[in-house]
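The data block below is final_15.cif; it holds mmCIF, C-alpha atoms.
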```
data_protein
#
loop_
_atom_site.label_atom_id
_atom_site.label_comp_id
_atom_site.auth_asym_id
_atom_site.auth_seq_id
_atom_site.Cartn_x
_atom_site.Cartn_y
_atom_site.Cartn_z
CA MET A 29 11.88 47.84 -6.56
CA LEU A 30 10.95 44.19 -7.01
CA SER A 31 13.01 41.95 -4.74
CA GLU A 32 14.16 38.43 -5.58
CA GLU A 33 14.21 35.80 -2.85
CA PHE A 34 15.26 32.17 -2.70
CA VAL A 35 15.33 29.38 -0.14
CA SER A 36 18.16 26.89 0.35
CA ALA A 37 18.49 23.74 2.44
CA ILE A 38 21.43 21.65 3.63
CA CYS A 39 21.88 18.01 4.57
CA GLY A 40 24.44 16.37 6.82
CA ALA A 41 26.87 17.42 9.52
CA PRO A 42 28.93 20.64 9.40
CA LEU A 43 32.05 20.36 7.27
CA SER A 44 34.18 22.39 9.69
CA SER A 45 33.94 24.04 13.09
CA ASN A 46 33.04 27.45 11.71
CA THR A 47 31.75 29.57 14.58
CA ALA A 48 30.52 32.29 12.19
CA ILE A 49 27.65 30.04 11.07
CA ALA A 50 24.78 29.43 13.47
CA LYS A 51 24.44 25.87 14.72
CA ASP A 52 21.49 23.58 13.92
CA VAL A 53 20.31 25.76 11.02
CA GLY A 54 19.05 23.62 8.14
CA ILE A 55 17.02 26.02 5.95
CA TYR A 56 17.96 29.56 4.90
CA CYS A 57 15.76 32.26 3.37
CA HIS A 58 17.85 34.65 1.24
CA THR A 59 17.23 37.99 -0.43
CA LEU A 60 19.13 38.10 -3.73
CA SER A 61 18.29 41.57 -5.00
CA PRO A 62 18.55 44.49 -4.73
CA THR A 63 21.34 43.44 -2.29
CA TYR A 64 22.16 39.95 -1.07
CA SER A 65 21.41 39.04 2.55
CA VAL A 66 20.19 36.11 4.64
CA LYS A 67 16.68 37.13 5.60
CA SER A 68 15.85 34.36 8.09
CA ASN A 69 16.54 30.73 8.89
CA PHE A 70 14.91 27.63 10.34
CA LYS A 71 16.67 25.17 12.62
CA LYS A 72 16.80 21.40 13.12
CA SER A 73 16.39 20.19 9.57
CA SER A 74 18.44 17.90 7.33
CA VAL A 75 16.91 17.96 3.85
CA PRO A 76 18.01 15.59 1.06
CA VAL A 77 17.88 16.47 -2.65
CA ASN A 78 14.41 17.11 -4.15
CA CYS A 79 12.81 17.31 -0.68
CA LEU A 80 12.06 21.03 -0.27
CA GLY A 81 8.76 22.77 -1.05
CA VAL A 82 8.09 26.50 -0.64
CA SER A 83 4.68 28.19 -0.68
CA GLU A 84 3.57 31.73 0.05
CA THR A 85 3.04 30.89 3.71
CA HIS A 86 5.07 27.74 4.51
CA VAL A 87 8.23 25.76 3.92
CA PHE A 88 7.94 21.94 3.75
CA ALA A 89 11.09 19.89 4.30
CA ALA A 90 11.31 16.09 4.25
CA GLN A 91 14.03 14.72 6.53
CA HIS A 92 16.97 12.56 5.46
CA GLU A 93 16.27 8.83 5.74
CA LYS A 94 13.19 9.49 7.88
CA ALA A 95 9.41 9.39 7.48
CA TYR A 96 9.04 12.97 8.72
CA VAL A 97 8.23 16.32 7.15
CA HIS A 98 9.00 19.51 9.04
CA VAL A 99 6.61 22.38 8.36
CA TYR A 100 7.81 25.94 8.96
CA SER A 101 5.66 29.07 8.92
CA ARG A 102 7.13 31.84 6.80
CA LEU A 103 4.68 34.32 8.30
CA ARG A 104 5.57 33.59 11.94
CA GLY A 105 9.17 32.51 11.40
CA ASN A 106 9.00 29.29 13.43
CA GLN A 107 8.47 25.54 13.09
CA GLU A 108 4.73 25.01 12.95
CA ALA A 109 4.42 21.22 12.80
CA PHE A 110 6.27 17.93 12.87
CA VAL A 111 4.39 15.52 10.58
CA ALA A 112 4.98 11.77 10.54
CA PHE A 113 4.11 9.55 7.56
CA PRO A 114 3.90 5.75 7.13
CA GLU A 115 6.97 5.60 4.86
CA ARG A 116 10.21 7.49 4.29
CA ILE A 117 9.85 10.49 1.98
CA ARG A 118 12.32 10.60 -0.90
CA CYS A 119 11.01 13.66 -2.79
CA LEU A 120 8.22 16.21 -2.71
CA THR A 121 6.70 19.16 -4.56
CA LEU A 122 3.83 21.60 -4.04
CA VAL A 123 0.75 22.11 -6.23
CA GLY A 124 -1.20 24.93 -4.64
CA ASP A 125 -2.25 23.65 -1.20
CA ILE A 126 -1.40 20.03 -2.04
CA LEU A 127 1.93 18.51 -1.01
CA VAL A 128 2.84 15.67 -3.39
CA MET A 129 5.37 13.18 -1.97
CA GLY A 130 7.21 10.16 -3.34
CA THR A 131 8.22 7.43 -0.90
CA ALA A 132 11.06 4.96 -0.59
CA GLU A 133 8.58 2.13 -1.21
CA GLY A 134 7.53 3.45 -4.64
CA ARG A 135 4.26 5.07 -3.56
CA LEU A 136 2.79 8.49 -4.19
CA MET A 137 1.14 10.38 -1.31
CA LEU A 138 -0.88 13.60 -1.57
CA TRP A 139 -1.61 15.74 1.46
CA GLU A 140 -4.19 18.54 1.30
CA THR A 141 -2.62 20.93 3.78
CA CYS A 142 -5.81 22.97 4.25
CA THR A 143 -8.05 19.96 5.08
CA GLY A 144 -5.71 17.25 6.34
CA ARG A 145 -6.86 14.73 3.75
CA LEU A 146 -4.17 12.19 2.80
CA VAL A 147 -4.33 10.10 -0.38
CA SER A 148 -1.90 7.22 -0.88
CA THR A 149 -1.47 5.18 -4.07
CA PRO A 150 -0.28 1.57 -4.35
CA ALA A 151 3.44 1.05 -5.01
CA ARG A 152 3.39 1.52 -8.80
CA HIS A 153 7.16 2.00 -8.92
CA VAL A 154 9.32 -1.05 -8.25
CA GLN A 155 11.91 1.06 -6.42
CA ALA A 156 11.94 4.38 -4.59
CA VAL A 157 10.42 7.50 -6.15
CA SER A 158 13.47 9.73 -6.62
CA CYS A 159 11.89 12.90 -8.01
CA VAL A 160 8.48 14.41 -8.66
CA ALA A 161 7.16 17.34 -10.72
CA ALA A 162 3.62 18.64 -11.10
CA THR A 163 1.27 20.94 -13.01
CA PRO A 164 -2.28 21.93 -11.99
CA TYR A 165 -3.56 18.83 -13.83
CA HIS A 166 -0.75 16.23 -13.79
CA VAL A 167 1.82 14.68 -11.48
CA ILE A 168 4.99 13.18 -12.98
CA THR A 169 7.16 10.81 -10.95
CA GLY A 170 10.63 9.42 -11.64
CA SER A 171 12.10 6.42 -9.88
CA ASP A 172 15.29 4.48 -9.27
CA ASP A 173 13.68 1.75 -11.40
CA SER A 174 14.30 3.99 -14.49
CA ASP A 175 10.58 4.54 -15.22
CA VAL A 176 8.66 7.82 -15.39
CA HIS A 177 4.94 7.70 -14.56
CA VAL A 178 2.34 10.33 -15.55
CA TRP A 179 -0.66 10.67 -13.21
CA SER A 180 -3.89 12.66 -13.45
CA LEU A 181 -4.10 14.96 -10.44
CA PRO A 182 -7.94 15.22 -10.47
CA GLN A 183 -8.22 11.42 -10.51
CA LEU A 184 -5.81 11.09 -7.60
CA LEU A 185 -7.94 13.53 -5.58
CA GLU A 186 -11.28 11.83 -6.24
CA LEU A 187 -13.35 11.37 -3.08
CA ASP A 188 -14.31 7.81 -4.03
CA SER A 189 -12.26 5.70 -1.63
CA ALA A 190 -12.66 2.62 -3.84
CA ALA A 191 -11.11 4.32 -6.89
CA GLU A 192 -8.07 2.58 -8.38
CA HIS A 193 -5.03 4.86 -8.45
CA GLU A 194 -3.16 4.01 -11.64
CA PRO A 195 -0.79 6.16 -13.73
CA GLN A 196 -2.17 7.31 -17.07
CA ARG A 197 0.98 6.18 -18.86
CA SER A 198 4.57 5.11 -18.26
CA LEU A 199 7.61 6.54 -20.06
CA SER A 200 10.23 3.80 -20.20
CA ASN A 201 13.04 4.88 -22.54
CA HIS A 202 15.67 5.33 -19.81
CA ARG A 203 17.98 2.49 -18.78
CA ALA A 204 19.10 3.72 -15.35
CA ALA A 205 17.78 5.55 -12.29
CA ILE A 206 15.99 8.88 -12.82
CA THR A 207 17.89 11.74 -11.17
CA GLY A 208 15.76 14.77 -12.10
CA LEU A 209 12.45 15.96 -13.55
CA SER A 210 11.28 19.34 -14.75
CA VAL A 211 7.97 20.16 -16.39
CA SER A 212 6.81 23.01 -18.61
CA PRO A 213 4.13 25.25 -17.07
CA SER A 214 2.01 24.97 -20.23
CA VAL A 215 -1.17 22.91 -19.92
CA SER A 216 -1.92 22.65 -23.66
CA SER A 217 -1.81 19.12 -25.04
CA ASP A 218 0.22 20.42 -28.02
CA THR A 219 2.90 22.48 -26.27
CA ASN A 220 3.40 20.84 -22.89
CA PHE A 221 6.47 18.74 -22.25
CA CYS A 222 8.67 17.51 -19.44
CA VAL A 223 12.35 16.66 -19.26
CA SER A 224 13.78 13.67 -17.39
CA ALA A 225 17.43 13.11 -16.46
CA SER A 226 18.95 9.70 -15.80
CA LYS A 227 22.15 7.97 -14.76
CA ASP A 228 22.32 6.52 -18.28
CA LYS A 229 23.89 9.92 -19.23
CA SER A 230 20.80 11.12 -21.07
CA CYS A 231 17.99 13.62 -20.80
CA ILE A 232 14.75 12.97 -22.69
CA ILE A 233 12.19 15.58 -23.66
CA TRP A 234 8.69 14.09 -23.54
CA ASN A 235 5.21 15.10 -24.54
CA TYR A 236 3.90 13.62 -21.32
CA GLN A 237 0.23 13.71 -22.37
CA THR A 238 0.84 11.53 -25.41
CA GLY A 239 3.85 9.60 -24.15
CA ASP A 240 5.99 10.53 -27.18
CA ALA A 241 9.74 11.03 -26.78
CA LEU A 242 10.41 14.31 -28.61
CA ARG A 243 14.21 14.43 -28.29
CA THR A 244 17.06 12.58 -26.55
CA LEU A 245 20.15 14.45 -25.31
CA LEU A 246 23.40 12.62 -24.46
CA PHE A 247 26.01 14.07 -22.06
CA PRO A 248 29.64 13.10 -21.31
CA SER A 249 28.70 12.16 -17.72
CA PHE A 250 25.39 11.48 -16.04
CA PRO A 251 23.17 14.42 -15.02
CA LEU A 252 22.68 15.08 -11.31
CA CYS A 253 19.88 17.65 -11.63
CA LEU A 254 18.17 19.85 -14.19
CA SER A 255 15.85 22.81 -14.51
CA LEU A 256 13.73 24.41 -17.22
CA ASP A 257 13.74 28.16 -17.52
CA PRO A 258 10.34 29.76 -16.72
CA SER A 259 9.52 30.24 -20.42
CA SER A 260 10.57 26.68 -21.34
CA ARG A 261 13.14 28.00 -23.79
CA ALA A 262 16.18 26.17 -22.42
CA ILE A 263 17.28 23.27 -20.21
CA CYS A 264 20.01 23.74 -17.64
CA VAL A 265 21.77 20.51 -16.56
CA SER A 266 24.44 19.81 -13.94
CA CYS A 267 26.57 16.71 -14.51
CA GLU A 268 28.70 14.55 -12.25
CA ASP A 269 31.99 15.84 -13.70
CA GLY A 270 31.19 19.40 -12.53
CA SER A 271 30.10 20.72 -15.93
CA LEU A 272 27.00 22.87 -16.44
CA TYR A 273 25.15 22.72 -19.74
CA LEU A 274 22.59 25.14 -21.14
CA THR A 275 20.70 23.68 -24.11
CA GLU A 276 18.33 25.98 -25.98
CA MET A 277 15.09 24.51 -27.31
CA PHE A 278 14.65 26.86 -30.26
CA ALA A 279 18.17 27.80 -31.33
CA GLU A 280 19.52 27.79 -34.89
CA LYS A 281 19.03 24.00 -34.88
CA PRO A 282 15.86 23.70 -32.77
CA LEU A 283 15.22 20.64 -30.64
CA LEU A 284 11.44 20.98 -30.98
CA GLY A 285 9.00 22.29 -33.54
CA PRO A 286 8.41 21.83 -37.28
CA ALA A 287 11.97 22.90 -38.18
CA SER A 288 13.60 20.30 -35.93
CA GLU A 289 15.03 16.95 -37.00
CA GLU A 290 13.30 13.60 -36.56
CA ALA A 291 12.49 12.69 -32.97
CA THR A 292 14.68 9.60 -33.26
CA THR A 293 17.78 11.75 -33.83
CA VAL A 294 19.96 11.79 -30.70
CA VAL A 295 21.69 15.10 -29.91
CA GLN A 296 25.17 14.91 -28.38
CA VAL A 297 25.72 17.78 -25.91
CA SER A 298 29.42 18.35 -25.32
CA SER A 299 29.99 22.11 -24.88
CA PRO A 300 29.36 23.29 -21.30
CA PHE A 301 28.69 26.93 -20.58
CA GLY A 302 30.47 26.60 -17.23
CA ALA A 303 32.31 24.24 -14.90
CA THR A 304 32.92 24.22 -11.17
CA GLN A 305 36.30 23.84 -9.48
CA PRO A 306 37.24 20.47 -7.91
CA ASP A 307 37.29 21.99 -4.41
CA VAL A 308 33.64 23.07 -4.89
CA GLY A 309 32.26 19.90 -6.42
CA PRO A 310 29.48 19.41 -8.96
CA ALA A 311 26.18 21.20 -8.46
CA SER A 312 23.75 18.92 -6.62
CA CYS A 313 20.84 21.36 -7.11
CA LEU A 314 20.09 24.37 -9.26
CA SER A 315 17.36 26.93 -9.88
CA LEU A 316 16.80 29.50 -12.62
CA SER A 317 15.48 32.97 -11.86
CA TYR A 318 12.03 33.93 -13.12
CA ASP A 319 13.47 36.20 -15.81
CA GLY A 320 15.77 33.41 -17.01
CA THR A 321 18.98 35.47 -16.70
CA MET A 322 20.42 34.06 -13.49
CA LEU A 323 21.27 30.56 -12.27
CA LEU A 324 21.87 29.51 -8.67
CA THR A 325 23.73 26.29 -7.89
CA GLY A 326 24.25 24.49 -4.57
CA HIS A 327 27.35 22.36 -3.96
CA PRO A 328 28.49 19.54 -1.63
CA LYS A 329 31.16 21.75 -0.04
CA GLY A 330 28.58 24.29 1.14
CA GLN A 331 28.84 26.98 -1.54
CA ILE A 332 25.95 28.68 -3.31
CA LEU A 333 27.12 30.15 -6.62
CA LYS A 334 25.39 32.71 -8.83
CA TRP A 335 25.87 32.40 -12.60
CA ASP A 336 25.03 35.26 -14.97
CA ILE A 337 23.57 33.46 -18.00
CA ALA A 338 22.89 36.62 -19.99
CA GLU A 339 26.52 37.82 -19.97
CA ASN A 340 28.23 34.44 -19.30
CA LYS A 341 30.48 35.81 -16.56
CA SER A 342 32.42 33.83 -13.97
CA PRO A 343 30.27 32.64 -11.06
CA VAL A 344 30.02 34.63 -7.84
CA GLU A 345 29.93 32.89 -4.46
CA LEU A 346 26.91 34.14 -2.52
CA ALA A 347 27.32 32.08 0.64
CA ASN A 348 29.10 29.15 2.24
CA LEU A 349 26.73 27.24 4.52
CA ASN A 350 29.38 24.82 5.86
CA ALA A 351 27.34 21.76 4.86
CA ALA A 352 26.22 20.08 1.65
CA VAL A 353 23.68 22.31 -0.12
CA THR A 354 20.97 20.00 -1.44
CA ASN A 355 18.12 22.32 -2.42
CA VAL A 356 17.87 25.80 -3.93
CA ALA A 357 14.49 27.25 -4.94
CA PHE A 358 13.50 30.72 -6.09
CA VAL A 359 10.39 32.19 -4.46
CA SER A 360 7.83 33.35 -7.00
CA PRO A 361 7.73 37.17 -7.23
CA PHE A 362 4.20 37.10 -8.65
CA PRO A 363 1.17 37.50 -6.37
CA THR A 364 -1.21 34.58 -6.31
CA ASP A 365 -4.76 35.06 -7.60
CA LYS A 366 -6.22 32.77 -4.94
CA PRO A 367 -8.87 34.38 -2.71
CA THR A 368 -7.64 32.36 0.30
CA LYS A 369 -4.36 31.28 1.83
CA THR A 370 -3.52 28.51 4.29
CA VAL A 371 -2.15 30.28 7.35
CA THR A 372 -2.20 27.16 9.57
CA ILE A 373 -1.82 23.67 8.12
CA THR A 374 -4.02 20.72 9.11
CA LYS A 375 -2.11 17.55 9.90
CA PRO A 376 -2.84 14.60 7.57
CA SER A 377 -5.25 11.79 8.31
CA GLN A 378 -6.27 8.78 6.21
CA ALA A 379 -9.44 8.15 8.22
CA GLU A 380 -12.69 8.74 6.33
CA ARG A 381 -14.36 11.75 7.83
CA ALA A 382 -15.96 15.07 7.03
CA TYR A 383 -13.04 17.32 6.10
CA THR A 384 -13.03 20.95 7.17
CA LEU A 385 -11.38 23.58 4.99
CA THR A 386 -9.13 25.80 7.09
CA ALA A 387 -8.07 28.92 5.21
CA GLN A 388 -8.00 32.68 5.49
CA PHE A 389 -9.58 35.10 3.04
CA ASP A 390 -7.22 37.68 1.64
CA SER A 391 -8.28 41.28 2.10
CA CYS A 392 -9.29 43.09 -1.05
CA SER A 393 -6.52 45.51 -2.04
CA GLY A 394 -8.31 46.95 -5.10
CA PRO A 395 -10.20 50.25 -5.36
CA GLU A 396 -13.33 50.64 -3.25
CA THR A 397 -16.45 49.53 -5.07
CA ARG A 398 -20.02 50.80 -4.69
CA PHE A 399 -20.85 47.66 -2.72
CA ASP A 400 -17.95 48.35 -0.31
CA SER A 401 -19.17 51.92 0.30
CA LEU A 402 -22.72 50.69 1.00
CA LEU A 403 -21.41 47.96 3.28
CA ASN A 404 -19.34 50.38 5.35
CA ALA A 405 -21.94 53.18 5.46
CA ALA A 406 -24.15 53.80 8.52
CA GLY A 407 -27.63 53.12 7.14
CA PHE A 408 -28.64 53.93 3.56
CA PRO A 409 -27.34 57.16 1.95
CA GLN A 410 -29.98 59.58 0.67
CA GLU A 411 -28.90 59.27 -2.97
CA VAL A 412 -29.27 55.48 -2.80
CA ILE A 413 -32.84 55.77 -1.47
CA GLU A 414 -33.78 58.32 -4.15
CA GLY A 415 -32.28 56.10 -6.86
CA ALA A 416 -34.21 53.08 -5.56
CA VAL A 417 -37.51 55.01 -5.56
CA ALA A 418 -36.89 56.25 -9.11
CA ALA A 419 -36.12 52.70 -10.22
CA PHE A 420 -39.65 51.62 -9.28
CA TYR A 421 -41.12 53.92 -11.92
CA GLN A 422 -38.56 53.44 -14.66
CA PRO A 423 -39.27 49.75 -15.41
CA ALA A 424 -43.06 50.44 -15.58
CA THR A 425 -42.60 53.23 -18.17
CA GLU A 426 -40.31 51.11 -20.25
CA SER A 427 -42.72 48.18 -20.02
CA ALA A 428 -45.69 50.28 -21.23
CA ALA A 429 -43.72 51.64 -24.17
CA GLY A 430 -42.60 48.12 -25.00
CA ASP A 431 -46.20 46.83 -24.94
CA GLN A 432 -47.32 49.54 -27.37
CA ASP A 433 -44.52 48.69 -29.79
CA LEU A 434 -45.39 45.01 -29.58
CA GLN A 435 -49.08 45.68 -30.21
CA LYS A 436 -48.25 47.79 -33.26
CA GLN A 437 -46.00 45.03 -34.67
CA ASN A 438 -48.78 42.45 -34.14
CA GLU A 439 -51.28 44.61 -36.01
CA GLU A 440 -48.91 44.99 -38.95
CA LEU A 441 -48.35 41.24 -39.05
CA TRP A 442 -52.10 40.55 -39.04
CA GLU A 443 -52.57 42.94 -41.98
CA ILE A 444 -49.95 41.01 -43.95
CA ILE A 445 -51.59 37.70 -43.04
CA ASN A 446 -55.06 38.91 -44.12
CA GLU A 447 -53.71 40.17 -47.44
CA GLN A 448 -52.09 36.79 -48.09
CA ARG A 449 -55.33 34.99 -47.25
CA ALA A 450 -57.33 37.18 -49.65
CA LEU A 451 -54.80 36.62 -52.41
CA GLN A 452 -54.90 32.88 -51.81
CA LYS A 453 -58.73 32.91 -51.95
CA GLN A 454 -58.74 34.78 -55.27
CA THR A 455 -56.20 32.40 -56.77
CA LEU A 456 -58.23 29.38 -55.72
CA GLN A 457 -61.46 30.82 -57.24
CA ARG A 458 -59.73 31.46 -60.58
CA TYR A 459 -58.39 27.94 -60.59
CA VAL A 460 -61.90 26.48 -60.00
CA GLU A 461 -63.45 28.65 -62.73
CA ALA A 462 -60.76 27.69 -65.25
CA LYS A 463 -61.20 23.99 -64.51
CA SER A 464 -65.02 24.14 -64.86
CA THR A 465 -64.81 25.70 -68.37
CA GLN A 466 -62.66 22.88 -69.72
#
```
Let me see the structure of the file written as structure tokens.
Amino acid sequence: MLSEEFVSAICGAPLSSNTAIAKDVGIYCHTLSPTYSVKSNFKKSSVPVNCLGVSETHVFAAQHEKAYVHVYSRLRGNQEAFVAFPERIRCLTLVGDILVMGTAEGRLMLWETCTGRLVSTPARHVQAVSCVAATPYHVITGSDDSDVHVWSLPQLLELDSAAEHEPQRSLSNHRAAITGLSVSPSVSSDTNFCVSASKDKSCIIWNYQTGDALRTLLFPSFPLCLSLDPSSRAICVSCEDGSLYLTEMFAEKPLLGPASEEATTVVQVSSPFGATQPDVGPASCLSLSYDGTMLLTGHPKGQILKWDIAENKSPVELANLNAAVTNVAFVSPFPTDKPTKTVTITKPSQAERAYTLTAQFDSCSGPETRFDSLLNAAGFPQEVIEGAVAAFYQPATESAAGDQDLQKQNEELWEIINEQRALQKQTLQRYVEAKSTQ
């Protein structure tokens, strides 16, 4: 049976002296189904909102009010590295083997974890970068200065050290700090979009490749965080008053598409699908399952709640971590199609040098091919030798037959050409005779 796993992180001191919870634990790895359990944990970490990244092999956690990122190995179950950066990290996300980070000074930094290469942009945001989202081709950053910048990932990773790192475009419709970003996995210029949340009590759906605002959503209180479902069919938003909103993109009155209203029409969202109790507090982070039927929320009082979106039941408390839960992220259940994986990270360096790729090839789990059998055999099997000897004669026979066919076709063509020449000669003679008799 396929298991569902997620990773959570906390920030701050314990809320009570609960001896049932291990001390110094900052990151938890959970198994959600078929039965819930805490699979493992990592110690000595205090992770603010939007500062957790999970890959197949590692967990990356930026530290609260510090210029450090802790790197934990999921394969070995320990802390692998303690990485220092020039500026405090305010948010991060993973794109394959690249860790994309936003700093408190408004910069964007990209770390290739398999080579150690570190790329840093100028401070294109006036204030701190508060959230970041990415696709295989774009990086989208939101800031406390209310702007959203769209960057080209290939341009940011160019090897030319003199290249100017500038955003492709800026999205400037918000009037307050950006609190959340989520991007559609589509890479088509017609169907891709991202959603930004702001303290101005709005969420805006953008076509980030064109810079067009497709729809504006207004909420009773400002959004703290948001998430798109994996199929980009709905937006889930947590607001400061403890309400949770689920807005469908293509409902009876669609937000997008040819049947939707004008893009300038503002949609007022006022009917929550759920609300948290005052003793729990509003959700500071949330994550939707990969089938889109389940929502996990993390809360300042330490609770992790599970919401059944399909049946709209009351939430179930999965765990109480005795500290503010700031990050919740589902682990992808799908195997990656990459031929390599980064088992050991390479610490970043901005010095110009020859970078070395450090990765491990994945073993082939498919059926054995003819090449595999030949590679593992002792010497050459008899049937292979006989087939090779027979192959020497087969091309020669086919070549001779082909030459005969070609010669026959050439002869037929020459016959047609000679007939046309004779006909042309006769026509010319008749023309000369007729002209001489005039």
Quiz item: Just so the selection is clear, what residues does the PyMOL selection byres ((chain A and resi 151) around 6) cover here, as a PyMOL selection string?
Solution: chain A and resi 134-135+150+152-153
Exercise. Find the spatial neighbours of segment 243-260 of chain A, counting only C-alpha atoms, within a cut-off of 6 Å - ignore same-chain residues fewer than 4 positions away - and output them as a PyMOL selection string.
Key: chain A and resi 207-208+210+212+227+229-233+264-268+291+294-297+313+316+318+320
Please determine an axis-aligned box that encloses all atoms of segment 139-154 of chain A listed in the file, with 3 Å added on each side, and express its centre and edge lengths in Å to one decimal as JSON.
```
{"center_x": 0.6, "center_y": 11.0, "center_z": -1.3, "size_x": 23.4, "size_y": 30.0, "size_z": 21.3}
```
Quiz item: What is the distance between atom CA of Gln107 of chain A and atom CA of Val157 of chain A, in Å to one decimal?
Solution: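 Taking atom CA of Gln107 of chain A as the start and atom CA of Val157 of chain A as the end point, the length is 26.4 Å.
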Self-check item: Residue nearest Glu140 of chain A - candidates A:Ile332, A:Val359, A:Leu385, A:Leu346, atoms counted: all atoms listed in the file
Solution: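 Distance minimum relative to Glu140 of chain A lands on A:Leu385.
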Practice problem: Measure the distance from atom CA of Leu120 of chain A to atom CA of Asp336 of chain A in Å and round it to one decimal. | Solution: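 Calculated distance between atom CA of Leu120 of chain A and atom CA of Asp336 of chain A is 28.2 Å.
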Exercise. Expand the PyMOL selection byres ((chain A and resi 273-278) around 8) into the individual residues it matches in the shown file, reporting them as a PyMOL selection string.
Key: chain A and resi 260-266+271-272+279-285+297+299-302
Per-residue nearest contacts segment 90-186 of chain A to segment 57-69 of chain A, cut-off 10 Å, using only C-alpha atoms, as JSON lines:
```
{"residue": "A:Tyr100", "atom": "CA", "partner": "A:Asn69", "partner_atom": "CA", "distance": 10.0}
{"residue": "A:Arg102", "atom": "CA", "partner": "A:Ser68", "partner_atom": "CA", "distance": 9.2}
{"residue": "A:Gly105", "atom": "CA", "partner": "A:Ser68", "partner_atom": "CA", "distance": 7.7}
{"residue": "A:Asn106", "atom": "CA", "partner": "A:Asn69", "partner_atom": "CA", "distance": 8.9}
```
Keeping only C-alpha atoms, write those residues as a short mmCIF file (atom, residue, chain, number, x, y, z; two decimals), in the coordinates of the input.
```cif
data_model
loop_
_atom_site.label_atom_id
_atom_site.label_comp_id
_atom_site.auth_asym_id
_atom_site.auth_seq_id
_atom_site.Cartn_x
_atom_site.Cartn_y
_atom_site.Cartn_z
CA TYR A 100 7.81 25.94 8.96
CA ARG A 102 7.13 31.84 6.80
CA GLY A 105 9.17 32.51 11.40
CA ASN A 106 9.00 29.29 13.43
#
```
Quiz item: Rounded to one decimal in Å, what is the spacing between atom CA of Ser360 of chain A and atom CA of Ala89 of chain A?
Solution: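 According to the coordinates, atom CA of Ser360 of chain A and atom CA of Ala89 of chain A are separated by 17.9 Å.
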Practice problem: Identify all residues satisfying the PyMOL selection byres ((chain A and resi 163-175) around 7) in the given file; provide them as JSON, numbers by chain. | Solution: {"A": [123, 153, 154, 155, 156, 157, 158, 159, 160, 161, 162, 176, 177, 178, 179, 180, 181, 182, 198, 199, 200, 202, 203, 204, 205, 206, 213]}
Self-check item: Neighbour residues at most 6 Å from (28.4, 30.5, -7.2) (all atoms listed in the file) as a list in words
Solution: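 Applying the cut-off with all atoms listed in the file, one gets Ile332, Leu333, Lys334, Pro343, Val344 and Glu345 of chain A.
Counting only C-alpha atoms, the residue from A:Asn78, A:Gln196, A:Ser101, A:Ser83 that sits nearest to Ile117 of chain A is A:Asn78.
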Quiz item: Using only C-alpha atoms, can you list as a ChimeraX atom specification the residues within 10 Å of (6.5, 23.7, 6.4)?
Solution: /A:80-83,85-90,97-102,106-111,141,372-373
Practice problem: Point out the residue among A:Val417, A:Pro42, A:Val77, A:Met129 with the least atom-to-atom distance to Ala311 of chain A, counting only C-alpha atoms. | Solution: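 Looking at the shortest contact to Ala311 of chain A, the residue is A:Val77.
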Quiz item: Which residue, A:Leu43, A:Thr121, A:Pro363, A:Pro376, has the smallest gap to Leu146 of chain A when you use all atoms listed in the file?
Solution: A:Pro376
Quiz item: Excluding same-chain residues fewer than 4 positions from Trp234 of chain A, what lies within 6 Å of it counting all atoms listed in the file, as number ranges by chain?
Solution: A: 221-222, 240-242
Would you mind completing segment 448-456 of chain A to N, CA and C atoms and writing the output as a PDB file, in the coordinates of the input?
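New file out-v1.pdb:
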```pdb
ATOM      1  N   GLN A 448     -52.487  38.062 -47.500  1.00  0.00           N
ATOM      2  CA  GLN A 448     -52.090  36.790 -48.090  1.00  0.00           C
ATOM      3  C   GLN A 448     -53.273  35.837 -48.191  1.00  0.00           C
ATOM      4  N   ARG A 449     -54.143  35.840 -47.193  1.00  0.00           N
ATOM      5  CA  ARG A 449     -55.330  34.990 -47.250  1.00  0.00           C
ATOM      6  C   ARG A 449     -56.265  35.394 -48.392  1.00  0.00           C
ATOM      7  N   ALA A 450     -56.468  36.704 -48.554  1.00  0.00           N
ATOM      8  CA  ALA A 450     -57.330  37.180 -49.650  1.00  0.00           C
ATOM      9  C   ALA A 450     -56.752  36.809 -51.007  1.00  0.00           C
ATOM     10  N   LEU A 451     -55.441  36.968 -51.149  1.00  0.00           N
ATOM     11  CA  LEU A 451     -54.800  36.620 -52.410  1.00  0.00           C
ATOM     12  C   LEU A 451     -54.912  35.122 -52.687  1.00  0.00           C
ATOM     13  N   GLN A 452     -54.780  34.332 -51.643  1.00  0.00           N
ATOM     14  CA  GLN A 452     -54.900  32.880 -51.810  1.00  0.00           C
ATOM     15  C   GLN A 452     -56.332  32.494 -52.227  1.00  0.00           C
ATOM     16  N   LYS A 453     -57.331  33.189 -51.639  1.00  0.00           N
ATOM     17  CA  LYS A 453     -58.730  32.910 -51.950  1.00  0.00           C
ATOM     18  C   LYS A 453     -59.033  33.241 -53.411  1.00  0.00           C
ATOM     19  N   GLN A 454     -58.525  34.391 -53.884  1.00  0.00           N
ATOM     20  CA  GLN A 454     -58.740  34.780 -55.270  1.00  0.00           C
ATOM     21  C   GLN A 454     -58.095  33.781 -56.228  1.00  0.00           C
ATOM     22  N   THR A 455     -56.896  33.356 -55.917  1.00  0.00           N
ATOM     23  CA  THR A 455     -56.200  32.400 -56.770  1.00  0.00           C
ATOM     24  C   THR A 455     -56.946  31.076 -56.853  1.00  0.00           C
ATOM     25  N   LEU A 456     -57.489  30.640 -55.732  1.00  0.00           N
ATOM     26  CA  LEU A 456     -58.230  29.380 -55.720  1.00  0.00           C
ATOM     27  C   LEU A 456     -59.511  29.485 -56.551  1.00  0.00           C
TER      28      LEU A 456
END
```
